[in-house]
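Only one structure is covered here, and it is reproduced in the block below.
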Amino acid sequence: MEIKRFEGTGRMSRVVEHNNTIYLCGQTCNDATKDIKEQTKVVLEKVEDLLNQYGSDKYHILSTTIYLKDISQFAQMNEIWDAWVENGHEPARACVEARLATDAILVEMSVIAAVK
């Protein structure tokens, strides 16, 4: 069983691949000047870039866990998410309110995807 780890920091890997599955660490936008919609766009761009770089894409996402600093922003985040997700390619998903690493982070997403 081979496990590939990419972009390790000594604490974590940004991407792990195992058994034709890619696991992304939590993706965030640490820019306090951006609102929830803008941060969601940045996070989704980062997710898409990492998936493309490591042999997958948004059409192969299996599961996404979304952490919101404030669950009252759920509808605003979903507005951006719904425009980004393609019909017929919606992953399994969970969304919870959570204390995040810094006050600037409004949304964090952890993604699991199949390799193309």
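By convention here, the chains of the structure tokens are called A, B, ... in the order presented, each chain's residues are numbered starting at 1, and ligands are numbered starting at 1 in the order presented.
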So that each row is one residue of segment 13-65 of chain A with an atom at most 10 Å from segment 90-102 of chain A, can you give its shortest atom pair and the distance in Å to one decimal, using only C-alpha atoms, rows by chain and rising number, as CSV?
residue,atom,partner,partner_atom,distance
A:Thr28,CA,A:Leu100,CA,9.7
A:Asn30,CA,A:Thr102,CA,7.8
A:Ala32,CA,A:Thr102,CA,9.6
A:Lys58,CA,A:Glu90,CA,9.1
A:Tyr59,CA,A:Glu90,CA,8.0
A:His60,CA,A:Pro91,CA,8.2
A:Ile61,CA,A:Pro91,CA,5.7
A:Leu62,CA,A:Pro91,CA,4.9
A:Ser63,CA,A:Ala92,CA,4.6
A:Thr64,CA,A:Arg93,CA,4.9
A:Thr65,CA,A:Ala94,CA,4.9
Give me every strand (DSSP E) residue in segment 14-77 of chain A, going by DSSP on the backbone, as a short mmCIF file (atom, residue, chain, number, x, y, z; two decimals) with C-alpha atoms, in the first residue's frame.
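Once written, out_1.cif looks like this:
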data_model
loop_
_atom_site.label_atom_id
_atom_site.label_comp_id
_atom_site.auth_asym_id
_atom_site.auth_seq_id
_atom_site.Cartn_x
_atom_site.Cartn_y
_atom_site.Cartn_z
CA ARG A 14 -1.21 19.83 1.88
CA VAL A 15 -2.11 16.78 -0.20
CA VAL A 16 -2.07 13.04 0.48
CA GLU A 17 -2.75 10.40 -2.17
CA HIS A 18 -3.70 6.82 -1.36
CA THR A 21 -7.92 9.04 -3.70
CA ILE A 22 -6.64 12.55 -2.96
CA TYR A 23 -7.07 14.18 0.44
CA LEU A 24 -6.61 17.95 0.72
CA CYS A 25 -5.82 19.63 4.01
CA GLY A 26 -8.20 22.38 5.06
CA GLN A 27 -8.13 25.22 2.55
CA THR A 28 -8.66 28.76 3.79
CA ILE A 61 -14.78 15.35 -5.53
CA LEU A 62 -16.23 12.64 -3.32
CA SER A 63 -16.72 14.58 -0.10
CA THR A 64 -16.28 18.08 1.27
CA THR A 65 -16.41 19.20 4.88
CA ILE A 66 -17.05 22.91 5.29
CA TYR A 67 -16.28 24.77 8.51
CA LEU A 68 -17.87 28.19 9.00
#
Q: Compare A:Ile3, A:Ile36, A:Val85, A:Val47 by their minimum atom-to-atom distance to Val107 of chain A, counting only C-alpha atoms, and give me the closest one.
A: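 Checking each of A:Ile3, A:Ile36, A:Val85, A:Val47 against Val107 of chain A, counting only C-alpha atoms, the winner is A:Ile36.
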Contacts of Cys29 of chain A within 7 Å, only C-alpha atoms, excl. fewer than 3 positions in-chain, as a JSON list (two decimals) with N, CA and C atoms, in the first residue's frame:
[["chain", "number", "residue", "atom", "x", "y", "z"],
["A", 39, "GLN", "N", -14.17, 35.03, 0.43],
["A", 39, "GLN", "CA", -13.32, 33.97, 0.98],
["A", 39, "GLN", "C", -13.71, 32.61, 0.41],
["A", 42, "VAL", "N", -12.16, 32.27, -3.01],
["A", 42, "VAL", "CA", -10.73, 32.01, -2.92],
["A", 42, "VAL", "C", -10.47, 30.55, -2.53],
["A", 43, "VAL", "N", -11.21, 30.07, -1.55],
["A", 43, "VAL", "CA", -11.03, 28.69, -1.10],
["A", 43, "VAL", "C", -11.33, 27.72, -2.23],
["A", 105, "ILE", "N", -10.17, 34.05, 9.30],
["A", 105, "ILE", "CA", -10.71, 32.94, 8.51],
["A", 105, "ILE", "C", -12.20, 32.79, 8.80]]
Q) Interatomic distance between atom CA of Lys41 of chain A and atom CA of Asn20 of chain A? A)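 Separating atom CA of Lys41 of chain A from atom CA of Asn20 of chain A is a distance of 26.7 Å.
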**Q.** Expected answer as a ChimeraX atom specification: helix (DSSP H, G or I) residues in chain A
**A.** /A:36-53,58-60,71-84
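Interatomic distance, atom CA of Leu51 of chain A to atom CA of Glu86 of chain A: 15.5 Å.
Going from atom CA of Glu7 of chain A to atom CA of Gln53 of chain A covers 11.9 Å.
You can rank A:Glu2, A:Asp35, A:Glu45, A:Asp57 by their closest distance to Trp81 of chain A using only C-alpha atoms, and at the top of that list sits A:Glu45.
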